[in-house]
>>> print(open('final_7.txt').read())   # compact mmCIF, C-alpha atoms
# COMPACT_ATOMS: atom_id res chain seq x y z
CA MET A 284 0.00 0.00 0.00
CA LYS A 285 1.32 3.45 -0.92
CA PRO A 286 1.83 5.54 2.24
CA GLY A 287 -0.01 8.82 2.65
CA ILE A 288 -1.22 11.37 5.17
CA PRO A 289 -4.70 12.83 5.78
CA LYS A 290 -5.69 15.75 3.57
CA GLY A 291 -5.01 19.15 5.04
CA THR A 292 -1.97 17.89 6.96
CA ARG A 293 1.73 18.08 6.11
CA ASP A 294 5.10 16.52 6.86
CA PHE A 295 7.91 18.97 7.54
CA LEU A 296 11.50 18.36 6.48
CA PRO A 297 14.32 19.46 8.82
CA GLY A 298 14.90 22.75 6.99
CA GLU A 299 11.21 23.58 7.22
CA VAL A 300 11.07 22.73 10.91
CA VAL A 301 14.07 24.99 11.58
CA LYS A 302 12.36 27.89 9.80
CA ARG A 303 9.07 27.27 11.61
CA GLN A 304 10.95 27.19 14.91
CA TYR A 305 12.42 30.58 14.05
CA ILE A 306 8.89 31.99 13.78
CA PHE A 307 7.83 30.38 17.05
CA ASP A 308 10.95 31.72 18.81
CA VAL A 309 10.29 35.31 17.67
CA ILE A 310 6.65 35.09 18.75
CA LYS A 311 7.44 33.42 22.09
CA ARG A 312 10.19 35.91 22.89
CA THR A 313 7.83 38.82 22.20
CA PHE A 314 5.04 37.33 24.35
CA GLU A 315 7.43 36.90 27.26
CA THR A 316 8.81 40.42 26.85
CA PHE A 317 5.28 41.73 27.43
CA GLY A 318 4.88 39.63 30.60
CA TYR A 319 2.73 36.75 29.32
CA LEU A 320 3.03 33.27 30.84
CA PRO A 321 2.88 29.90 29.02
CA ILE A 322 0.15 27.29 29.46
CA GLU A 323 -0.85 24.11 27.59
CA THR A 324 -4.20 22.35 27.24
CA PRO A 325 -5.11 18.88 25.89
CA VAL A 326 -5.49 18.33 22.14
CA MET A 327 -8.93 16.87 22.95
CA GLU A 328 -11.77 18.65 24.69
CA ASN A 329 -15.24 17.46 25.61
CA LEU A 330 -17.63 18.25 22.76
CA SER A 331 -19.82 20.01 25.32
CA THR A 332 -16.92 22.45 25.79
CA LEU A 333 -16.48 23.11 22.08
CA THR A 334 -19.94 23.08 20.51
CA GLY A 335 -22.02 26.25 20.36
CA LYS A 336 -19.00 28.56 20.70
CA TYR A 337 -18.10 29.07 17.04
CA GLY A 338 -21.48 29.37 15.33
CA GLU A 339 -23.11 26.79 13.06
CA GLU A 340 -20.25 26.72 10.56
CA GLY A 341 -17.69 26.25 13.32
CA ASP A 342 -19.64 23.35 14.80
CA ARG A 343 -19.64 21.65 11.40
CA LEU A 344 -15.87 22.01 11.16
CA LEU A 345 -15.16 20.31 14.50
CA PHE A 346 -13.29 17.02 14.30
CA LYS A 347 -15.22 14.54 16.43
CA ILE A 348 -13.59 11.56 18.15
CA LEU A 349 -15.49 8.27 18.38
CA ASN A 350 -16.00 6.88 21.87
CA ASN A 351 -13.62 4.15 22.98
CA GLY A 352 -14.42 0.48 22.51
CA ASP A 353 -17.61 -0.70 20.83
CA PHE A 354 -19.06 2.76 20.24
CA MET A 355 -21.90 1.36 18.10
CA SER A 356 -23.33 -0.64 21.01
CA LYS A 357 -24.65 2.58 22.57
CA ALA A 358 -25.60 4.31 19.33
CA ASP A 359 -29.04 5.93 19.14
CA GLU A 360 -30.94 3.29 17.17
CA GLU A 361 -33.63 5.70 15.95
CA ALA A 362 -31.02 8.13 14.61
CA LEU A 363 -29.11 5.22 13.10
CA ARG A 364 -32.21 3.94 11.33
CA LYS A 365 -32.90 7.42 9.92
CA LYS A 366 -29.22 7.87 8.96
CA ASP A 367 -29.32 11.05 11.04
CA SER A 368 -25.60 11.89 11.44
CA VAL A 369 -26.34 14.87 13.70
CA GLY A 370 -28.78 12.99 15.87
CA ILE A 371 -26.51 10.01 16.37
CA LEU A 372 -23.46 12.05 17.33
CA PRO A 373 -24.17 12.48 21.10
CA SER A 374 -24.42 8.71 21.54
CA ILE A 375 -21.18 7.81 19.76
CA SER A 376 -18.86 10.76 20.41
CA LYS A 377 -18.15 12.74 23.58
CA ARG A 378 -14.85 14.38 22.59
CA GLY A 379 -13.40 16.44 19.78
CA LEU A 380 -10.10 17.94 18.65
CA ARG A 381 -9.77 21.56 19.70
CA TYR A 382 -10.90 24.07 17.04
CA ASP A 383 -8.93 26.97 18.51
CA LEU A 384 -7.08 27.83 21.72
CA THR A 385 -9.44 30.51 23.04
CA VAL A 386 -12.38 28.37 24.13
CA PRO A 387 -10.09 25.83 25.85
CA PHE A 388 -8.43 28.82 27.54
CA ALA A 389 -11.80 29.99 28.91
CA ARG A 390 -12.40 26.46 30.21
CA PHE A 391 -8.88 26.46 31.71
CA VAL A 392 -9.45 29.77 33.52
CA THR A 393 -12.73 28.54 34.98
CA MET A 394 -11.21 25.29 36.23
CA HIS A 395 -8.05 26.90 37.63
CA GLN A 396 -9.45 30.21 38.88
CA ASN A 397 -8.15 29.54 42.40
CA GLU A 398 -4.61 28.85 41.11
CA ILE A 399 -4.09 31.94 38.94
CA GLN A 400 -4.10 35.67 39.64
CA LEU A 401 -6.42 37.96 37.70
CA PRO A 402 -5.74 39.69 35.43
CA PHE A 403 -4.04 36.61 34.00
CA LYS A 404 -1.81 37.01 30.96
CA ARG A 405 -1.15 33.79 29.07
CA TYR A 406 0.35 32.62 25.82
CA GLN A 407 -0.08 29.24 24.16
CA ILE A 408 1.58 27.79 21.05
CA GLN A 409 -0.11 24.51 20.09
CA GLN A 410 -1.89 22.72 17.26
CA VAL A 411 -5.57 23.03 16.40
CA TRP A 412 -7.76 21.16 13.91
CA ARG A 413 -10.57 22.24 11.59
CA ALA A 414 -12.36 20.09 9.01
CA ASP A 415 -12.07 22.89 6.46
CA ARG A 416 -11.47 22.57 2.72
CA PRO A 417 -7.69 22.68 2.26
CA GLN A 418 -6.35 25.48 0.05
CA LYS A 419 -3.47 27.95 0.00
CA GLY A 420 -2.86 29.13 3.54
CA ARG A 421 -5.65 26.95 4.95
CA TYR A 422 -5.00 23.54 6.48
CA GLN A 423 -6.91 21.07 8.61
CA GLU A 424 -4.08 20.78 11.12
CA PHE A 425 -2.15 23.89 12.01
CA TYR A 426 -0.49 25.81 14.83
CA GLN A 427 -1.93 28.84 16.54
CA CYS A 428 0.16 31.18 18.66
CA ASP A 429 -2.27 32.80 21.08
CA VAL A 430 -1.76 35.58 23.60
CA ASP A 431 -4.58 36.68 25.93
CA ALA A 432 -5.20 38.84 28.97
CA ILE A 433 -8.26 37.88 31.00
CA GLY A 434 -9.83 39.37 34.10
CA SER A 435 -9.81 43.06 33.15
CA GLU A 436 -11.86 45.34 30.91
CA SER A 437 -8.97 47.81 30.55
CA LEU A 438 -8.30 48.90 26.99
CA VAL A 439 -4.60 49.07 27.82
CA TYR A 440 -4.55 45.39 26.87
CA GLU A 441 -5.97 46.10 23.41
CA ALA A 442 -3.21 48.66 22.92
CA GLU A 443 -0.63 46.19 24.24
CA LEU A 444 -1.81 43.51 21.81
CA VAL A 445 -1.46 45.95 18.90
CA GLN A 446 2.13 46.56 20.03
CA ILE A 447 2.72 42.79 20.17
CA LEU A 448 1.38 42.38 16.63
CA ASP A 449 3.57 45.24 15.42
CA THR A 450 6.68 43.91 17.21
CA VAL A 451 6.36 40.34 15.94
CA PHE A 452 5.81 41.24 12.29
CA THR A 453 8.56 43.87 12.38
CA GLN A 454 11.03 41.31 13.75
CA LEU A 455 9.94 38.78 11.13
CA GLY A 456 10.46 41.35 8.38
CA MET A 457 6.82 41.22 7.18
CA ARG A 458 5.06 44.43 6.15
CA VAL A 459 1.46 44.31 7.37
CA ASP A 460 -1.62 46.39 8.00
CA ILE A 461 -3.14 45.98 11.47
CA LYS A 462 -6.90 46.43 11.14
CA ILE A 463 -9.11 47.29 14.10
CA ASN A 464 -12.87 47.52 14.54
CA ASN A 465 -15.34 46.98 17.36
CA ARG A 466 -18.35 44.68 17.48
CA LYS A 467 -20.22 47.49 19.25
CA ILE A 468 -19.61 49.71 16.22
CA LEU A 469 -21.07 46.99 14.03
CA TYR A 470 -24.10 46.76 16.31
CA GLY A 471 -24.41 50.55 16.10
CA ILE A 472 -24.42 50.27 12.29
CA ALA A 473 -27.16 47.64 12.52
CA GLU A 474 -29.22 49.90 14.81
CA TYR A 475 -28.67 52.91 12.52
CA ALA A 476 -29.84 50.81 9.57
CA GLY A 477 -32.89 49.67 11.57
CA ILE A 478 -32.02 45.96 11.54
CA ALA A 479 -30.65 45.30 15.06
CA ASP A 480 -32.64 42.05 15.16
CA HIS A 481 -30.59 40.87 12.15
CA PHE A 482 -27.22 41.78 13.70
CA MET A 483 -25.69 38.29 13.49
CA THR A 484 -26.92 37.83 9.92
CA MET A 485 -25.34 41.16 8.99
CA THR A 486 -21.95 40.36 10.56
CA ILE A 487 -21.83 36.89 8.99
CA ALA A 488 -22.56 38.42 5.58
CA ILE A 489 -20.10 41.32 5.73
CA ASP A 490 -17.38 39.00 7.05
CA LYS A 491 -17.43 37.53 3.52
CA LEU A 492 -17.06 40.91 1.79
CA ASP A 493 -13.49 40.32 0.59
CA LYS A 494 -14.35 36.84 -0.68
CA ILE A 495 -17.69 37.32 -2.45
CA GLY A 496 -17.96 41.08 -3.12
CA ALA A 497 -20.52 43.74 -2.19
CA ASN A 498 -23.33 42.60 -4.51
CA LYS A 499 -23.40 39.07 -3.12
CA VAL A 500 -23.20 40.39 0.45
CA ILE A 501 -26.25 42.55 -0.23
CA GLY A 502 -28.00 39.57 -1.81
CA GLU A 503 -27.27 37.39 1.20
CA MET A 504 -28.60 40.03 3.61
CA MET A 505 -31.74 40.61 1.51
CA ASP A 506 -32.39 36.86 1.37
CA ALA A 507 -32.35 36.91 5.18
CA GLY A 508 -35.02 39.65 5.27
CA ILE A 509 -32.92 42.82 5.49
CA PRO A 510 -34.46 45.59 3.31
CA GLU A 511 -32.39 46.86 0.38
CA THR A 512 -32.32 50.43 1.76
CA SER A 513 -30.83 49.11 5.02
CA CYS A 514 -28.28 47.07 3.04
CA GLN A 515 -27.14 50.20 1.23
CA LYS A 516 -26.78 52.09 4.53
CA ILE A 517 -24.71 49.23 5.94
CA LEU A 518 -22.42 49.01 2.90
CA ASN A 519 -21.92 52.77 2.94
CA LEU A 520 -20.95 52.85 6.62
CA ILE A 521 -18.64 49.82 6.61
CA GLY A 522 -16.69 51.50 3.84
CA LYS A 523 -15.62 54.27 6.24
CA SER A 524 -12.10 54.32 7.65
CA SER A 525 -12.17 56.94 10.40
CA ILE A 526 -14.01 57.49 13.65
CA THR A 527 -15.16 60.91 12.39
CA ASP A 528 -16.85 59.30 9.37
CA LEU A 529 -18.76 56.96 11.68
CA GLU A 530 -19.94 59.58 14.20
CA ILE A 531 -23.40 59.49 12.60
CA ILE A 532 -24.20 56.17 14.32
CA ARG A 533 -24.14 57.96 17.71
CA THR A 534 -27.55 59.42 16.81
CA ALA A 535 -29.12 55.96 16.78
CA SER A 536 -27.03 53.76 19.05
CA ALA A 537 -25.55 54.18 22.51
CA THR A 538 -23.80 50.84 21.97
CA GLY A 539 -22.25 52.10 18.75
CA ALA A 540 -21.10 55.27 20.51
CA GLN A 541 -19.38 53.13 23.16
CA GLY A 542 -17.61 51.18 20.43
CA LEU A 543 -16.32 54.38 18.81
CA ASP A 544 -15.02 55.57 22.19
CA GLU A 545 -13.24 52.28 22.84
CA VAL A 546 -11.43 52.35 19.51
CA GLN A 547 -10.48 56.00 20.09
CA ASP A 548 -9.05 55.06 23.50
CA VAL A 549 -6.85 52.39 21.89
CA PHE A 550 -5.56 54.94 19.36
CA THR A 551 -4.90 57.39 22.21
CA PHE A 552 -2.80 54.82 24.12
CA LEU A 553 -0.73 54.22 21.00
CA GLU A 554 -0.18 57.88 20.09
CA SER A 555 2.93 58.26 22.24
CA MET A 556 4.53 55.07 20.91
CA PRO A 557 4.40 55.08 17.08
CA LEU A 558 4.13 51.72 15.35
CA VAL A 559 6.28 50.48 12.49
CA ASN A 560 3.23 49.08 10.69
CA ASN A 561 -0.01 50.94 10.00
CA ILE A 562 -3.05 50.53 12.25
CA ILE A 563 -6.26 51.11 10.31
CA LEU A 564 -9.88 51.40 11.40
CA ASP A 565 -11.80 49.05 9.11
CA ALA A 566 -15.54 49.22 9.76
CA SER A 567 -16.12 46.18 7.52
CA LEU A 568 -14.05 43.95 9.80
CA ALA A 569 -16.49 41.57 11.52
CA ARG A 570 -14.59 38.43 12.66
CA GLY A 571 -17.17 35.69 12.25
CA LEU A 572 -16.80 34.00 15.64
CA ASN A 573 -19.79 34.55 17.94
CA TYR A 574 -17.88 35.19 21.14
CA TYR A 575 -16.34 38.58 20.25
CA THR A 576 -17.99 41.52 22.03
CA GLY A 577 -15.66 44.55 21.75
CA CYS A 578 -12.54 45.53 19.82
CA ILE A 579 -11.54 43.10 17.08
CA PHE A 580 -8.31 42.84 15.11
CA GLU A 581 -7.06 41.37 11.86
CA VAL A 582 -3.62 41.54 10.27
CA GLN A 583 -3.10 41.54 6.50
CA ALA A 584 0.23 40.88 4.77
CA LEU A 585 0.99 43.62 2.24
CA ASP A 586 3.43 41.87 -0.09
CA ALA A 587 1.73 38.49 -0.63
CA GLU A 588 -1.69 37.21 -1.64
CA MET A 589 -2.83 35.64 1.61
CA GLY A 590 -5.77 35.82 3.99
CA SER A 591 -5.32 37.26 7.46
CA VAL A 592 -2.09 36.22 9.19
CA ALA A 593 -3.30 37.13 12.69
CA GLY A 594 -6.52 38.19 14.35
CA GLY A 595 -8.51 38.28 17.56
CA GLY A 596 -10.55 40.50 19.82
CA ARG A 597 -12.35 41.18 23.09
CA TYR A 598 -14.70 38.56 24.55
CA ASP A 599 -16.76 39.46 27.64
CA ASP A 600 -18.92 36.40 28.18
CA LEU A 601 -16.86 33.36 27.21
CA THR A 602 -16.16 32.01 30.70
CA ALA A 603 -19.81 32.51 31.67
CA VAL A 604 -20.78 29.42 29.66
CA PHE A 605 -18.55 27.46 32.06
CA GLY A 606 -20.08 29.05 35.16
CA MET A 607 -17.59 31.90 35.76
CA ASN A 608 -19.40 35.20 35.29
CA ASP A 609 -18.22 38.79 34.84
CA VAL A 610 -14.76 37.94 33.47
CA SER A 611 -13.68 39.85 30.39
CA GLY A 612 -10.76 38.88 28.19
CA VAL A 613 -9.00 39.96 25.02
CA GLY A 614 -6.48 38.19 22.84
CA VAL A 615 -4.99 37.69 19.40
CA SER A 616 -3.81 34.62 17.53
CA PHE A 617 -0.94 34.39 15.05
CA GLY A 618 -1.48 31.97 12.13
CA ALA A 619 1.92 30.29 12.04
CA GLU A 620 1.22 28.35 8.82
CA ARG A 621 0.25 31.45 6.84
CA ILE A 622 3.13 33.44 8.27
CA TYR A 623 5.49 30.65 7.19
CA ASP A 624 4.05 30.58 3.67
CA VAL A 625 4.37 34.36 3.28
CA MET A 626 7.92 34.44 4.63
CA ASP A 627 8.94 31.51 2.42
CA GLU A 628 7.42 33.15 -0.66
CA LEU A 629 9.16 36.47 0.06
CA ASP A 630 12.45 34.84 1.14
CA LEU A 631 12.35 36.56 4.53
CA PHE A 632 14.04 33.87 6.60
CA PRO A 633 17.54 34.94 7.68
CA LYS A 634 20.30 32.51 6.75
CA SER A 635 21.15 32.14 10.43
CA ALA A 636 17.68 30.68 11.01
CA MET A 637 18.44 27.83 8.62
CA GLN A 638 21.88 26.89 9.93
CA ASN A 639 21.09 24.19 12.43
CA VAL A 640 24.61 22.71 12.18
CA GLN A 641 27.61 25.05 12.26
CA ILE A 642 30.38 22.59 11.44
CA ILE A 643 30.86 18.98 10.39
CA PHE A 644 34.09 17.03 10.87
CA LEU A 645 35.43 14.86 8.07
CA SER A 646 38.20 12.28 8.47
CA THR A 647 40.58 10.28 6.25
CA ASP A 648 41.17 7.13 8.34
CA ASP A 649 40.09 5.44 11.55
CA GLN A 650 42.59 7.30 13.70
CA SER A 651 41.49 10.71 12.43
CA LEU A 652 37.84 9.65 12.84
CA ARG A 653 38.49 9.04 16.53
CA ARG A 654 40.18 12.48 16.78
CA ALA A 655 37.20 14.03 14.98
CA PHE A 656 34.85 12.40 17.47
CA LYS A 657 36.90 13.88 20.34
CA TYR A 658 36.86 17.37 18.79
CA ALA A 659 33.12 17.18 18.06
CA THR A 660 32.45 16.25 21.68
CA THR A 661 34.47 19.24 22.89
CA LEU A 662 32.67 21.67 20.59
CA ARG A 663 29.26 20.36 21.61
CA LYS A 664 30.10 20.94 25.26
CA GLU A 665 30.86 24.55 24.31
CA GLY A 666 27.42 24.91 22.72
CA VAL A 667 28.60 24.76 19.10
CA LYS A 668 26.19 22.83 16.86
CA THR A 669 28.46 20.10 15.54
CA ASP A 670 28.13 16.98 13.39
CA ILE A 671 30.58 14.31 12.28
CA TYR A 672 30.62 12.13 9.19
CA PRO A 673 30.48 8.57 10.57
CA LYS A 674 33.01 6.84 8.26
CA ALA A 675 36.41 7.69 6.80
CA VAL A 676 35.32 7.29 3.16
CA LYS A 677 36.54 9.36 0.20
CA LEU A 678 36.66 13.05 1.07
CA LYS A 679 34.80 13.95 -2.12
CA LYS A 680 31.77 12.01 -0.89
CA GLN A 681 32.01 13.58 2.56
CA PHE A 682 32.26 17.11 1.13
CA LYS A 683 29.23 16.47 -1.08
CA TYR A 684 27.24 15.38 1.98
CA ALA A 685 28.23 18.57 3.83
CA GLY A 686 27.35 20.72 0.79
CA ASP A 687 23.98 19.03 0.26
CA ARG A 688 23.09 19.76 3.87
CA GLY A 689 24.14 23.39 3.60
CA ILE A 690 26.57 23.18 6.52
CA PRO A 691 28.67 26.39 6.47
CA PHE A 692 31.97 25.01 7.83
CA VAL A 693 33.85 21.73 7.33
CA GLY A 694 36.69 20.61 9.58
CA VAL A 695 39.02 18.09 7.93
CA ILE A 696 41.31 15.86 9.97
CA GLY A 697 43.95 13.77 8.18
CA GLU A 698 47.49 12.56 8.77
CA ARG A 699 49.03 16.07 8.81
CA GLU A 700 46.34 17.44 11.11
CA LEU A 701 46.91 14.55 13.52
CA GLU A 702 50.63 15.34 13.67
CA ASP A 703 50.14 19.12 14.06
CA ASP A 704 47.13 18.83 16.39
CA THR A 705 45.23 21.17 14.05
CA ILE A 706 42.10 21.20 11.90
CA THR A 707 41.84 22.27 8.26
CA LEU A 708 38.77 24.51 8.30
CA LYS A 709 36.94 25.21 5.04
CA ASN A 710 34.32 27.91 4.64
CA MET A 711 31.82 26.26 2.31
CA THR A 712 30.44 29.61 1.15
CA THR A 713 33.69 31.33 0.18
CA GLY A 714 35.88 28.25 -0.35
CA GLN A 715 38.56 29.76 1.89
CA GLN A 716 40.66 27.29 3.91
CA GLU A 717 42.85 27.77 6.98
CA SER A 718 44.72 25.64 9.48
CA ILE A 719 43.34 26.28 12.96
CA SER A 720 43.71 24.95 16.49
CA LEU A 721 40.76 23.52 18.40
CA HIS A 722 40.89 26.43 20.86
CA ASN A 723 40.74 29.04 18.08
CA LEU A 724 38.01 27.09 16.30
CA ILE A 725 35.85 27.18 19.41
CA GLU A 726 36.36 30.94 19.71
CA LYS A 727 35.58 31.46 16.02
CA LEU A 728 32.34 29.43 16.00
CA SER A 729 31.13 30.58 19.42
CA GLN A 730 30.92 34.14 18.04
CA LYS A 731 28.62 33.15 15.17
>>> encode(input="final_7.txt", output="structure tokens")
Amino acid sequence: MKPGIPKGTRDFLPGEVVKRQYIFDVIKRTFETFGYLPIETPVMENLSTLTGKYGEEGDRLLFKILNNGDFMSKADEEALRKKDSVGILPSISKRGLRYDLTVPFARFVTMHQNEIQLPFKRYQIQQVWRADRPQKGRYQEFYQCDVDAIGSESLVYEAELVQILDTVFTQLGMRVDIKINNRKILYGIAEYAGIADHFMTMTIAIDKLDKIGANKVIGEMMDAGIPETSCQKILNLIGKSSITDLEIIRTASATGAQGLDEVQDVFTFLESMPLVNNIILDASLARGLNYYTGCIFEVQALDAEMGSVAGGGRYDDLTAVFGMNDVSGVGVSFGAERIYDVMDELDLFPKSAMQNVQIIFLSTDDQSLRRAFKYATTLRKEGVKTDIYPKAVKLKKQFKYAGDRGIPFVGVIGERELEDDTITLKNMTTGQQESISLHNLIEKLSQK
């Protein structure tokens, strides 16, 4: 049988893993600089934890796990007879793979509320799974890099998260736009258009604006019962890009006015500390997930055709579904897979990020192989990433191996080197060679 892997998943070769780790390291270092602490949660959660938190589409995209043992013995016979896949699910599956890291985080906070101090600032870098249709930048198994502050309504955290987004993408060398909106502004637009009772329908529709265009968004809203005149008002307002342009919604919505004030407060916090990347008010930004209640964010790469590479927002009621009321949180998530694809396309990875081995020792006979092993051991103890070719075969073959692996330095040990207690060091990039002592080699490579 020909081997394969499930659709929407990928194997990663060593070079790819090294580059991915570079991204994770930059993100992790930034999170920790801002005072966030690491946690981990299980890859599986109870379906009761996951369902109902992401909307109907999200529920459909959950990977469900069959119960252990003879799961069919307890299957709902009536649902089985009717071939009702939804109806039979509760009797054959109690668990699912996590869809994101935010809902498990809310569950975590509720369960460990007596062991953490609020406000609690956490980061989490782990895999999530979605039964989505695979395409460019979209996979069924992928990493999210989440950072959240929970237990405070202060907008200082929104401003801090914008700084984190700006810092990470600046360090990665990616030019981005950081888009901000507020779900309260969107509700204010719905009230101004006279369709507050269709708020969720409106947000779901406009969240597709970039994908399907304005005409289809209007059509989708009209099909749901929103009058055409209201649709035109909505499309006009979500095209605005400044708080001043949206002031008109204050006349119809106290909620919308609050949203405008919150976004203005975030801008005010950031005024004294200019960003490298642009922060833009985008009134069309909706973020389809049901749990967002305040400021929302999305990050768009400027130099590559890709969907959002990061996003998030404020959620006021998420822990309440687990029995912990009046706890507000805000967070953003970095899409590691999309960031990788953009950086790979634009050749943004520094060469240092791809050099997992600094030097490899080559030998000409058994005695020099033993000396090479001794030298390699010494370098490793000094923290130099070192490899050794395992047999004293023809040097041409050994050099080819080192070149194919992209190792920057080769240390050759032969009869002369054994006598002189030296190493012939070759720079594989420039071709330059020199005779060097072990002590000087350690100094040379420890500086790189």
>>> residues_around(input="final_7.txt", residues="A:Leu728", least_positions_apart="6", cutoff="9 Å", atoms="only C-alpha atoms", output="list in words")
Gln641, Ile642 and Val667 of chain A
>>> closest_residue(input="final_7.txt", among="A:Pro633, A:Gly542, A:Pro289, A:Gly612", to="A:Lys467", atoms="only C-alpha atoms")
A:Gly542
>>> closest_atom_pairs(input="final_7.txt", of="stretch 595-696 of chain A", to="stretch 414-437 of chain A", cutoff="8 Å", atoms="all atoms listed in the file", output="tab-separated table")
residue	atom	partner	partner_atom	distance
A:Val610	CA	A:Gly434	CA	5.2
A:Ser611	CA	A:Gly434	CA	5.4
A:Gly612	CA	A:Ile433	CA	3.9
A:Val613	CA	A:Asp431	CA	5.6
A:Gly614	CA	A:Asp431	CA	3.9
A:Val615	CA	A:Val430	CA	5.7
A:Ser616	CA	A:Asp429	CA	4.3
A:Phe617	CA	A:Cys428	CA	5.0
A:Gly618	CA	A:Gln427	CA	5.4
A:Ala619	CA	A:Tyr426	CA	5.8
A:Glu620	CA	A:Phe425	CA	6.4
A:Arg621	CA	A:Gly420	CA	5.1
A:Asp624	CA	A:Gly420	CA	7.1
>>> closest_residue(input="final_7.txt", among="A:Leu333, A:Ile310, A:Ile532, A:Ile495", to="A:Phe452", atoms="all atoms listed in the file")
A:Ile310
>>> closest_residue(input="final_7.txt", among="A:Thr313, A:Leu469, A:Leu678, A:Leu645", to="A:Gln454", atoms="all atoms listed in the file")
A:Thr313
>>> residues_around(input="final_7.txt", residues="A:Ile447", least_positions_apart="2", cutoff="9 Å", atoms="only C-alpha atoms", output="VMD selection string")
chain A and resid 310 313 to 314 317 442 to 445 449 to 452
>>> residues_around(input="final_7.txt", residues="stretch 702-707 of chain A", least_positions_apart="5", cutoff="8 Å", atoms="only C-alpha atoms", output="ChimeraX atom specification")
/A:694-696,716-721
>>> closest_residue(input="final_7.txt", among="A:Val559, A:Met485, A:Val549, A:Val640", to="A:Ile579", atoms="only C-alpha atoms")
A:Val549
>>> decode(input="final_7.txt", residues="stretch 477-489 of chain A", atoms="N, CA, C and O atoms", output="compact mmCIF listing (two decimals), in the first residue's frame")
# COMPACT_ATOMS: atom_id res chain seq x y z
N GLY A 477 -31.57 50.16 11.17
CA GLY A 477 -32.89 49.67 11.57
C GLY A 477 -33.05 48.16 11.52
O GLY A 477 -34.16 47.65 11.40
N ILE A 478 -31.94 47.43 11.64
CA ILE A 478 -32.02 45.96 11.54
C ILE A 478 -31.25 45.29 12.69
O ILE A 478 -30.60 44.26 12.49
N ALA A 479 -31.38 45.85 13.91
CA ALA A 479 -30.65 45.30 15.06
C ALA A 479 -31.00 43.84 15.29
O ALA A 479 -30.17 43.06 15.75
N ASP A 480 -32.22 43.45 14.96
CA ASP A 480 -32.64 42.05 15.16
C ASP A 480 -31.96 41.12 14.15
O ASP A 480 -32.02 39.90 14.31
N HIS A 481 -31.33 41.68 13.14
CA HIS A 481 -30.59 40.87 12.15
C HIS A 481 -29.07 41.07 12.30
O HIS A 481 -28.32 40.85 11.35
N PHE A 482 -28.64 41.45 13.50
CA PHE A 482 -27.22 41.78 13.70
C PHE A 482 -26.29 40.63 13.31
O PHE A 482 -25.32 40.82 12.57
N MET A 483 -26.57 39.42 13.79
CA MET A 483 -25.69 38.29 13.49
C MET A 483 -25.69 37.98 12.00
O MET A 483 -24.64 37.68 11.42
N THR A 484 -26.85 38.05 11.37
CA THR A 484 -26.92 37.83 9.92
C THR A 484 -26.06 38.85 9.18
O THR A 484 -25.33 38.51 8.24
N MET A 485 -26.13 40.11 9.62
CA MET A 485 -25.34 41.16 8.99
C MET A 485 -23.84 40.89 9.14
O MET A 485 -23.09 40.98 8.17
N THR A 486 -23.39 40.56 10.35
CA THR A 486 -21.95 40.36 10.56
C THR A 486 -21.43 39.15 9.79
O THR A 486 -20.33 39.18 9.24
N ILE A 487 -22.24 38.08 9.74
CA ILE A 487 -21.83 36.89 8.99
C ILE A 487 -21.67 37.22 7.51
O ILE A 487 -20.73 36.78 6.84
N ALA A 488 -22.60 38.05 7.00
CA ALA A 488 -22.56 38.42 5.58
C ALA A 488 -21.37 39.32 5.28
O ALA A 488 -20.61 39.07 4.33
N ILE A 489 -21.17 40.38 6.07
CA ILE A 489 -20.10 41.32 5.73
C ILE A 489 -18.72 40.73 6.01
O ILE A 489 -17.72 41.20 5.47
